[in-house]
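Comments concern the structure below.
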Amino acid sequence: MKSLLVISRHSPARPQAREALDVALSAAAFGVPCGILFMDDGVFQLIKGQDAAQIAQKSLAANLQALPLYGVEDVLVCQHSLGDRGIQANRCMLDARVLNNAEIAALIEHYDQVLTL
Amino acid sequence: MDFAIALLAGPQDPAARSALEFSRAVLAAGHRISRLFFYRDGVLLASQLNVVPQDEKDIGAEWRQFIQDNHLDAVVCIAAALRRGVLNPAEAERWDRPAANTAEPWELSGLGQWVDALQSADRAVTFGT
Amino acid sequence: MLHILRHSPHAETRFASCLRSINAGQALLLIEEAVYGLLPGTATRDSLEYLPASIALYALDVDLQARGLALDDLPGRTRVITHAMMVELCVERTKVVSW
């Protein structure tokens with residue numbers, strides 16, 4: 001099977017964030033070796049203590065935490081994007097591996113297919 | 001070579017034109033398009049209710065013609081389509097809506113169709129990210 | 001590998017994210033609004049000029065022309081291509097990543 005990396009790069013209140021997650025979860029459900037990389041505003045999805053109900057939205061947190069259960073093996077976050085946005089890796093809700101630019105370049109090379117969503 | 005081509009942006013976005021011209025070039029070069037997949041606002045291409053001023057190109061009509069002429073598999077993500085009010089007669093009935101606005105050659109189906117196309121194609125190219 | 005950028009560097013962070021994630025030997029194609037990154041005298045233009053020499057830089061002809069970018073004022077390394085050549089490029093490179 002061809003492996004698939006989803007690069008999720010939108011903030012959690014945007015529908016794109018859920019759509020990126022849906023693609024990763026459905027690929028994993030079909031048994032595709034799958035990873036997800038949070039990059040650019042996508043890293044905002046990982047901030048702890050979000051209460052999406054305040055703006056009448058469904059929380060993404062449960063789905064995010066389910067990623068490993070659904071077989072999304074690799075959960076990664078871009079160090080540069082975190083730094084740019086003043087987020088400390090230890091404030092993230094997932095146990096995401098923090099990658100620098102060179103590691104991200106290698107990651108993109110490693111996966112058979114890459115979708116930025 | 002088999003191409004899987006996805007379009008994620010709607011008819012108003014330049015990406016709808018880029019994806020169409022690229023798809024035409026793929027076939028012109030003798031390659032095949034194993035599946036077209038429409039996601040996010042790309043599903044709006046499948047609506048037959050868009051009205052374009054007469055002196056402007058009707059990108060939706062051009063896509064439909066291209067798909068029909070070449071007998072292509074054109075899958076529209078059903079979840080994205082329902083959210084944006086793109087319904088075929090079966091969905092309009094299921095959700096008790098007053099009208100349907102899409103039909104053949106577009107097919108409403110799940111994200112699994114994209115996952116499947118990504119697996120089987122030699123090349124996957126996405127437009128409108 | 002071929003990276004395709006479509007957003008203006010001034011509107012979006014992904015232009016910069018893509019440039020940070022590109023490896024030697026790969027190819028970069030600018031389409032749609034991303035061709036604005038080639039305008040002279042800008043930081044983006046500089047960053048494109050200073051990419052490692054092994055990275056091939058392409059721009060789509062119709063998108064340049066539609067946006068009034070002078071073909072004789074592009075970085076020397078830029079190869080201007082048609083949609084047909086874009087298809088060839090996708091065939092040559094085993095993987096395509098759209099940003």
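Just so we're on the same page: first chain in the structure tokens is A, next is B, and so on; residues restart at 1 for each chain, and ligands are numbered from 1 in the order they show up.
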Could you please select, counting only C-alpha atoms, the residues of chain C within 7 Å of chain B and state them as a compact mmCIF listing (two decimals) with N, CA, C and O atoms, in the first residue's frame?
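Full text of iface26.txt as output:
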```txt
# COMPACT_ATOMS: atom_id res chain seq x y z
N GLU C 32 -0.96 29.91 -10.80
CA GLU C 32 -1.96 30.84 -10.26
C GLU C 32 -1.29 32.02 -9.54
O GLU C 32 -0.35 32.61 -10.06
N HIS C 83 0.71 23.88 -19.97
CA HIS C 83 0.04 22.78 -19.25
C HIS C 83 0.56 21.43 -19.74
O HIS C 83 0.71 20.49 -18.94
N ALA C 84 0.83 21.32 -21.05
CA ALA C 84 1.33 20.04 -21.58
C ALA C 84 2.67 19.69 -20.94
O ALA C 84 2.92 18.53 -20.58
N VAL C 87 2.25 18.43 -17.42
CA VAL C 87 1.92 17.00 -17.38
C VAL C 87 3.21 16.18 -17.48
O VAL C 87 3.43 15.24 -16.69
N LYS C 95 6.49 12.06 -7.57
CA LYS C 95 5.50 12.47 -6.56
C LYS C 95 5.21 13.95 -6.72
O LYS C 95 6.12 14.73 -6.99
N VAL C 96 3.94 14.32 -6.54
CA VAL C 96 3.54 15.72 -6.68
C VAL C 96 2.91 16.19 -5.37
O VAL C 96 1.99 15.54 -4.86
N SER C 98 1.00 19.45 -3.74
CA SER C 98 0.41 20.77 -3.99
C SER C 98 0.25 21.52 -2.68
O SER C 98 -0.32 20.99 -1.73
N TRP C 99 0.74 22.75 -2.66
CA TRP C 99 0.66 23.57 -1.43
C TRP C 99 -0.44 24.61 -1.55
O TRP C 99 -0.69 25.12 -2.62
```
Exercise for review: When you get a sec, could you note down which chain A residues fall within 10 Å of chain C, using only C-alpha atoms, as a count of residues only?
Suggested key: 25
Point to revise | chain B contacts to chain A at 7 Å (only C-alpha atoms) as an NGL selection string | key: :B and (111-112 or 115 or 119 or 129)
Point to revise | Shell of 9 Å around Asp95 of chain A, only C-alpha atoms, local chain residues under 3 positions omitted, as a list in words | key: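 Skipping anything fewer than 3 positions along the chain leaves Val75, Leu76, Asn90 and Cys92 of chain A.
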Enumerate as a short mmCIF file (atom, residue, chain, number, x, y, z; two decimals) with all heavy atoms, in the first residue's frame all residues of segment 1-76 of chain C assigned to strand (DSSP E or B) by DSSP on the backbone, naming them with the chain letters and numbers the document uses.
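File states-v1.cif, as written:
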```cif
data_model
loop_
_atom_site.label_atom_id
_atom_site.label_comp_id
_atom_site.auth_asym_id
_atom_site.auth_seq_id
_atom_site.Cartn_x
_atom_site.Cartn_y
_atom_site.Cartn_z
N LEU C 2 7.93 16.91 -7.17
CA LEU C 2 7.50 18.22 -7.67
C LEU C 2 6.60 18.89 -6.64
O LEU C 2 5.59 18.32 -6.22
CB LEU C 2 6.74 18.03 -8.99
CG LEU C 2 6.02 19.27 -9.54
CD1 LEU C 2 7.01 20.35 -9.95
CD2 LEU C 2 5.13 18.89 -10.74
N HIS C 3 6.97 20.09 -6.24
CA HIS C 3 6.10 20.90 -5.37
C HIS C 3 5.38 21.90 -6.25
O HIS C 3 6.00 22.55 -7.09
CB HIS C 3 6.93 21.68 -4.35
CG HIS C 3 7.69 20.82 -3.39
ND1 HIS C 3 7.22 20.51 -2.14
CD2 HIS C 3 8.89 20.20 -3.49
CE1 HIS C 3 8.10 19.73 -1.50
NE2 HIS C 3 9.13 19.53 -2.30
N ILE C 4 4.07 22.03 -6.04
CA ILE C 4 3.30 23.03 -6.78
C ILE C 4 2.75 24.05 -5.79
O ILE C 4 2.06 23.70 -4.84
CB ILE C 4 2.13 22.40 -7.57
CG1 ILE C 4 2.65 21.35 -8.56
CG2 ILE C 4 1.34 23.48 -8.31
CD1 ILE C 4 1.55 20.62 -9.31
N LEU C 5 3.10 25.31 -6.02
CA LEU C 5 2.60 26.40 -5.17
C LEU C 5 1.57 27.19 -5.96
O LEU C 5 1.79 27.50 -7.12
CB LEU C 5 3.75 27.33 -4.82
CG LEU C 5 4.40 27.15 -3.46
CD1 LEU C 5 5.65 28.00 -3.37
CD2 LEU C 5 3.44 27.50 -2.33
N ALA C 27 11.81 19.74 -7.60
CA ALA C 27 11.35 20.77 -8.53
C ALA C 27 10.24 21.59 -7.89
O ALA C 27 9.48 21.07 -7.05
CB ALA C 27 10.84 20.12 -9.81
N LEU C 28 10.15 22.85 -8.27
CA LEU C 28 9.13 23.76 -7.75
C LEU C 28 8.44 24.43 -8.92
O LEU C 28 9.08 25.05 -9.77
CB LEU C 28 9.79 24.81 -6.84
CG LEU C 28 8.90 25.93 -6.32
CD1 LEU C 28 7.79 25.39 -5.43
CD2 LEU C 28 9.73 26.95 -5.52
N LEU C 29 7.12 24.31 -8.96
CA LEU C 29 6.33 24.93 -10.02
C LEU C 29 5.39 25.97 -9.42
O LEU C 29 4.64 25.67 -8.48
CB LEU C 29 5.51 23.85 -10.75
CG LEU C 29 4.39 24.33 -11.68
CD1 LEU C 29 4.93 25.18 -12.82
CD2 LEU C 29 3.61 23.13 -12.25
N LEU C 30 5.43 27.18 -9.96
CA LEU C 30 4.55 28.25 -9.50
C LEU C 30 3.38 28.39 -10.47
O LEU C 30 3.58 28.57 -11.67
CB LEU C 30 5.31 29.58 -9.43
CG LEU C 30 6.62 29.57 -8.62
CD1 LEU C 30 7.27 30.95 -8.66
CD2 LEU C 30 6.36 29.14 -7.18
N ALA C 56 14.95 22.74 -9.49
CA ALA C 56 14.48 23.30 -10.76
C ALA C 56 13.24 24.16 -10.51
O ALA C 56 12.31 23.73 -9.81
CB ALA C 56 14.15 22.16 -11.72
N LEU C 57 13.24 25.36 -11.06
CA LEU C 57 12.13 26.31 -10.85
C LEU C 57 11.34 26.48 -12.15
O LEU C 57 11.91 26.79 -13.19
CB LEU C 57 12.69 27.65 -10.39
CG LEU C 57 11.66 28.77 -10.15
CD1 LEU C 57 10.70 28.43 -9.01
CD2 LEU C 57 12.37 30.10 -9.87
N TYR C 58 10.04 26.27 -12.05
CA TYR C 58 9.15 26.39 -13.22
C TYR C 58 8.02 27.37 -12.90
O TYR C 58 7.64 27.52 -11.74
CB TYR C 58 8.52 25.04 -13.57
CG TYR C 58 9.52 23.94 -13.88
CD1 TYR C 58 10.03 23.13 -12.87
CD2 TYR C 58 9.94 23.72 -15.20
CE1 TYR C 58 10.94 22.13 -13.16
CE2 TYR C 58 10.85 22.71 -15.49
CZ TYR C 58 11.35 21.92 -14.47
OH TYR C 58 12.25 20.93 -14.76
N ALA C 59 7.49 27.98 -13.94
CA ALA C 59 6.29 28.81 -13.78
C ALA C 59 5.39 28.58 -14.99
O ALA C 59 5.87 28.36 -16.11
CB ALA C 59 6.66 30.28 -13.66
N LEU C 60 4.09 28.62 -14.76
CA LEU C 60 3.13 28.32 -15.82
C LEU C 60 2.90 29.56 -16.70
O LEU C 60 2.58 30.63 -16.19
CB LEU C 60 1.82 27.85 -15.18
CG LEU C 60 0.87 27.05 -16.06
CD1 LEU C 60 1.51 25.75 -16.53
CD2 LEU C 60 -0.41 26.74 -15.30
#
```
**Study point:** Members of segment 3-99 of chain C assigned alpha helix (DSSP H) by DSSP, as a PyMOL selection string
**Key:** chain C and resi 14-21+43-49+61-66+83-92
Resulting file, chosen residues, N, CA, C and O atoms, as a short mmCIF file (atom, residue, chain, number, x, y, z; two decimals), in the first residue's frame:
```cif
data_model
loop_
_atom_site.label_atom_id
_atom_site.label_comp_id
_atom_site.auth_asym_id
_atom_site.auth_seq_id
_atom_site.Cartn_x
_atom_site.Cartn_y
_atom_site.Cartn_z
N ARG C 14 1.90 29.46 3.38
CA ARG C 14 2.36 28.18 2.83
C ARG C 14 3.46 28.34 1.78
O ARG C 14 4.20 27.40 1.54
N PHE C 15 3.55 29.54 1.20
CA PHE C 15 4.65 29.77 0.27
C PHE C 15 5.98 29.57 1.01
O PHE C 15 6.85 28.81 0.59
N ALA C 16 6.07 30.22 2.17
CA ALA C 16 7.28 30.09 2.99
C ALA C 16 7.44 28.67 3.52
O ALA C 16 8.55 28.12 3.55
N SER C 17 6.33 28.06 3.92
CA SER C 17 6.40 26.70 4.46
C SER C 17 6.93 25.73 3.41
O SER C 17 7.72 24.84 3.71
N CYS C 18 6.48 25.92 2.17
CA CYS C 18 6.93 25.06 1.09
C CYS C 18 8.43 25.24 0.87
O CYS C 18 9.18 24.27 0.77
N LEU C 19 8.87 26.50 0.84
CA LEU C 19 10.30 26.75 0.59
C LEU C 19 11.17 26.17 1.71
O LEU C 19 12.29 25.73 1.47
N ARG C 20 10.63 26.14 2.93
CA ARG C 20 11.39 25.54 4.03
C ARG C 20 11.43 24.02 3.94
O ARG C 20 12.30 23.38 4.52
N SER C 21 10.46 23.44 3.23
CA SER C 21 10.33 21.97 3.20
C SER C 21 10.88 21.35 1.93
O SER C 21 10.72 20.16 1.71
N ALA C 43 11.34 40.08 -1.31
CA ALA C 43 12.04 39.08 -0.52
C ALA C 43 11.78 37.68 -1.08
O ALA C 43 12.66 36.81 -1.07
N THR C 44 10.56 37.47 -1.58
CA THR C 44 10.24 36.14 -2.11
C THR C 44 11.07 35.83 -3.36
O THR C 44 11.58 34.73 -3.53
N ARG C 45 11.18 36.85 -4.22
CA ARG C 45 11.99 36.67 -5.42
C ARG C 45 13.42 36.28 -5.03
O ARG C 45 14.01 35.37 -5.59
N ASP C 46 13.96 36.99 -4.02
CA ASP C 46 15.31 36.67 -3.55
C ASP C 46 15.39 35.23 -3.06
O ASP C 46 16.31 34.50 -3.38
N SER C 47 14.37 34.83 -2.27
CA SER C 47 14.44 33.47 -1.71
C SER C 47 14.33 32.42 -2.82
O SER C 47 14.92 31.35 -2.71
N LEU C 48 13.61 32.74 -3.90
CA LEU C 48 13.55 31.80 -5.03
C LEU C 48 14.89 31.76 -5.76
O LEU C 48 15.37 30.69 -6.15
N GLU C 49 15.51 32.95 -5.92
CA GLU C 49 16.81 32.98 -6.61
C GLU C 49 17.87 32.23 -5.83
O GLU C 49 18.78 31.64 -6.42
N ASP C 61 3.04 29.37 -18.00
CA ASP C 61 3.00 30.51 -18.94
C ASP C 61 1.71 31.32 -18.85
O ASP C 61 1.74 32.54 -18.73
N VAL C 62 0.56 30.64 -18.88
CA VAL C 62 -0.70 31.39 -18.89
C VAL C 62 -0.90 32.21 -17.61
O VAL C 62 -1.46 33.31 -17.64
N ASP C 63 -0.43 31.66 -16.49
CA ASP C 63 -0.61 32.38 -15.23
C ASP C 63 0.30 33.62 -15.15
O ASP C 63 -0.10 34.65 -14.59
N LEU C 64 1.50 33.53 -15.71
CA LEU C 64 2.39 34.69 -15.78
C LEU C 64 1.76 35.77 -16.65
O LEU C 64 1.67 36.94 -16.27
N GLN C 65 1.32 35.35 -17.84
CA GLN C 65 0.79 36.32 -18.81
C GLN C 65 -0.50 36.96 -18.31
O GLN C 65 -0.70 38.16 -18.45
N ALA C 66 -1.35 36.13 -17.70
CA ALA C 66 -2.63 36.65 -17.22
C ALA C 66 -2.43 37.73 -16.16
O ALA C 66 -3.25 38.62 -16.01
N HIS C 83 0.71 23.88 -19.97
CA HIS C 83 0.04 22.78 -19.25
C HIS C 83 0.56 21.43 -19.74
O HIS C 83 0.71 20.49 -18.94
N ALA C 84 0.83 21.32 -21.05
CA ALA C 84 1.33 20.04 -21.58
C ALA C 84 2.67 19.69 -20.94
O ALA C 84 2.92 18.53 -20.58
N MET C 85 3.52 20.70 -20.76
CA MET C 85 4.82 20.45 -20.13
C MET C 85 4.66 20.17 -18.63
O MET C 85 5.44 19.43 -18.04
N MET C 86 3.63 20.73 -18.04
CA MET C 86 3.34 20.44 -16.62
C MET C 86 3.00 18.96 -16.45
O MET C 86 3.41 18.32 -15.48
N VAL C 87 2.25 18.43 -17.42
CA VAL C 87 1.92 17.00 -17.38
C VAL C 87 3.21 16.18 -17.48
O VAL C 87 3.43 15.24 -16.69
N GLU C 88 4.08 16.55 -18.40
CA GLU C 88 5.36 15.83 -18.56
C GLU C 88 6.17 15.87 -17.26
O GLU C 88 6.78 14.88 -16.87
N LEU C 89 6.13 17.04 -16.62
CA LEU C 89 6.88 17.22 -15.37
C LEU C 89 6.33 16.27 -14.29
O LEU C 89 7.10 15.68 -13.51
N CYS C 90 5.02 16.12 -14.24
CA CYS C 90 4.40 15.21 -13.26
C CYS C 90 4.77 13.76 -13.55
O CYS C 90 4.86 12.95 -12.64
N VAL C 91 4.98 13.45 -14.82
CA VAL C 91 5.36 12.09 -15.19
C VAL C 91 6.82 11.83 -14.81
O VAL C 91 7.17 10.79 -14.27
N GLU C 92 7.66 12.83 -15.08
CA GLU C 92 9.10 12.72 -14.78
C GLU C 92 9.37 12.56 -13.29
O GLU C 92 10.22 11.80 -12.87
#
```
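Across the model, the gap from atom CA of Gly86 of chain A to atom CA of Leu51 of chain C is 27.6 Å.
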Check your understanding: Quick one: residues within 10 Å of Ser47 of chain B, only C-alpha atoms counted, chain neighbours fewer than 6 positions away excluded, as a PyMOL selection string?
Key -> chain B and resi 11+60-61+81+84-88+100-103+106
Write out, as a tab-separated table (two decimals), in the first residue's frame, the residues just selected, with all heavy atoms.
```
chain	number	residue	atom	x	y	z
B	11	PRO	N	-15.99	26.96	-8.33
B	11	PRO	CA	-15.99	27.49	-9.69
B	11	PRO	C	-15.42	28.91	-9.80
B	11	PRO	O	-14.94	29.31	-10.85
B	11	PRO	CB	-17.47	27.46	-10.10
B	11	PRO	CG	-18.24	27.17	-8.87
B	11	PRO	CD	-17.33	26.54	-7.89
B	60	GLY	N	-18.36	25.47	-14.91
B	60	GLY	CA	-19.11	24.28	-14.52
B	60	GLY	C	-19.57	23.50	-15.74
B	60	GLY	O	-19.46	22.27	-15.81
B	61	ALA	N	-20.08	24.25	-16.73
B	61	ALA	CA	-20.55	23.61	-17.97
B	61	ALA	C	-19.38	22.98	-18.72
B	61	ALA	O	-19.50	21.89	-19.29
B	61	ALA	CB	-21.25	24.64	-18.86
B	81	ALA	N	-20.62	17.84	-0.24
B	81	ALA	CA	-21.70	18.29	-1.12
B	81	ALA	C	-22.96	18.63	-0.31
B	81	ALA	O	-23.58	19.68	-0.51
B	81	ALA	CB	-22.01	17.23	-2.18
B	84	ARG	N	-22.88	21.87	1.43
B	84	ARG	CA	-22.91	23.05	0.55
B	84	ARG	C	-24.16	23.09	-0.33
B	84	ARG	O	-24.21	23.86	-1.29
B	84	ARG	CB	-21.64	23.08	-0.29
B	84	ARG	CG	-20.39	23.40	0.53
B	84	ARG	CD	-19.13	23.09	-0.23
B	84	ARG	NE	-17.92	23.40	0.52
B	84	ARG	CZ	-17.35	22.60	1.43
B	84	ARG	NH1	-17.90	21.44	1.71
B	84	ARG	NH2	-16.25	22.95	2.05
B	85	GLY	N	-25.11	22.23	-0.03
B	85	GLY	CA	-26.36	22.27	-0.78
B	85	GLY	C	-26.24	21.73	-2.19
B	85	GLY	O	-26.93	22.21	-3.09
B	86	VAL	N	-25.40	20.76	-2.41
B	86	VAL	CA	-25.31	20.10	-3.71
B	86	VAL	C	-25.91	18.70	-3.54
B	86	VAL	O	-25.32	17.85	-2.86
B	86	VAL	CB	-23.86	20.02	-4.22
B	86	VAL	CG1	-23.77	19.26	-5.53
B	86	VAL	CG2	-23.29	21.43	-4.39
B	87	LEU	N	-27.11	18.51	-4.09
B	87	LEU	CA	-27.84	17.26	-3.86
B	87	LEU	C	-28.32	16.65	-5.18
B	87	LEU	O	-28.81	17.38	-6.05
B	87	LEU	CB	-29.07	17.52	-2.97
B	87	LEU	CG	-28.85	17.73	-1.47
B	87	LEU	CD1	-28.32	19.13	-1.19
B	87	LEU	CD2	-30.14	17.50	-0.71
B	88	ASN	N	-28.21	15.36	-5.29
B	88	ASN	CA	-28.83	14.69	-6.43
B	88	ASN	C	-30.26	14.28	-6.01
B	88	ASN	O	-30.64	14.46	-4.85
B	88	ASN	CB	-27.96	13.51	-6.90
B	88	ASN	CG	-27.79	12.43	-5.84
B	88	ASN	OD1	-28.54	12.40	-4.85
B	88	ASN	ND2	-26.83	11.54	-6.03
B	100	ALA	N	-33.37	19.01	-6.30
B	100	ALA	CA	-32.01	18.48	-6.49
B	100	ALA	C	-31.32	19.39	-7.50
B	100	ALA	O	-31.97	20.02	-8.33
B	100	ALA	CB	-32.07	17.07	-7.03
B	101	ASN	N	-30.01	19.52	-7.41
B	101	ASN	CA	-29.30	20.37	-8.36
B	101	ASN	C	-28.10	19.70	-9.02
B	101	ASN	O	-27.28	20.34	-9.66
B	101	ASN	CB	-28.87	21.69	-7.70
B	101	ASN	CG	-27.99	21.46	-6.49
B	101	ASN	OD1	-27.79	20.33	-6.08
B	101	ASN	ND2	-27.45	22.53	-5.94
B	102	THR	N	-27.96	18.40	-8.83
B	102	THR	CA	-26.88	17.72	-9.53
B	102	THR	C	-27.35	16.34	-9.96
B	102	THR	O	-28.29	15.79	-9.39
B	102	THR	CB	-25.59	17.65	-8.68
B	102	THR	OG1	-24.51	17.21	-9.51
B	102	THR	CG2	-25.75	16.67	-7.51
B	103	ALA	N	-26.69	15.84	-10.98
B	103	ALA	CA	-27.05	14.53	-11.53
B	103	ALA	C	-25.86	14.04	-12.35
B	103	ALA	O	-24.78	14.62	-12.27
B	103	ALA	CB	-28.30	14.67	-12.41
B	106	TRP	N	-21.98	13.54	-12.67
B	106	TRP	CA	-21.38	13.59	-11.34
B	106	TRP	C	-21.94	12.47	-10.48
B	106	TRP	O	-23.14	12.20	-10.51
B	106	TRP	CB	-21.69	14.92	-10.67
B	106	TRP	CG	-21.44	16.12	-11.53
B	106	TRP	CD1	-22.36	16.77	-12.31
B	106	TRP	CD2	-20.21	16.82	-11.73
B	106	TRP	NE1	-21.76	17.82	-12.96
B	106	TRP	CE2	-20.45	17.88	-12.62
B	106	TRP	CE3	-18.92	16.64	-11.21
B	106	TRP	CZ2	-19.46	18.76	-13.03
B	106	TRP	CZ3	-17.94	17.52	-11.61
B	106	TRP	CH2	-18.21	18.57	-12.51
```
Exercise for review: Fewer than 2 positions away in the same chain doesn't count, so skip those; otherwise give me all residues within 7 Å of Gln79 of chain A, counting only C-alpha atoms, as a PyMOL selection string.
Suggested key: chain A and resi 77+81-83+98-100
Residues just named, written with C-alpha atoms as a compact mmCIF listing (two decimals), in the first residue's frame:
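selection_25.txt was written with the following content:
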```
# COMPACT_ATOMS: atom_id res chain seq x y z
CA VAL A 77 4.01 18.96 14.46
CA SER A 81 5.06 26.90 13.05
CA LEU A 82 4.84 26.42 16.84
CA GLY A 83 7.65 28.93 17.42
CA VAL A 98 8.12 17.95 16.99
CA LEU A 99 10.01 18.20 13.69
CA ASN A 100 12.41 20.83 12.41
```
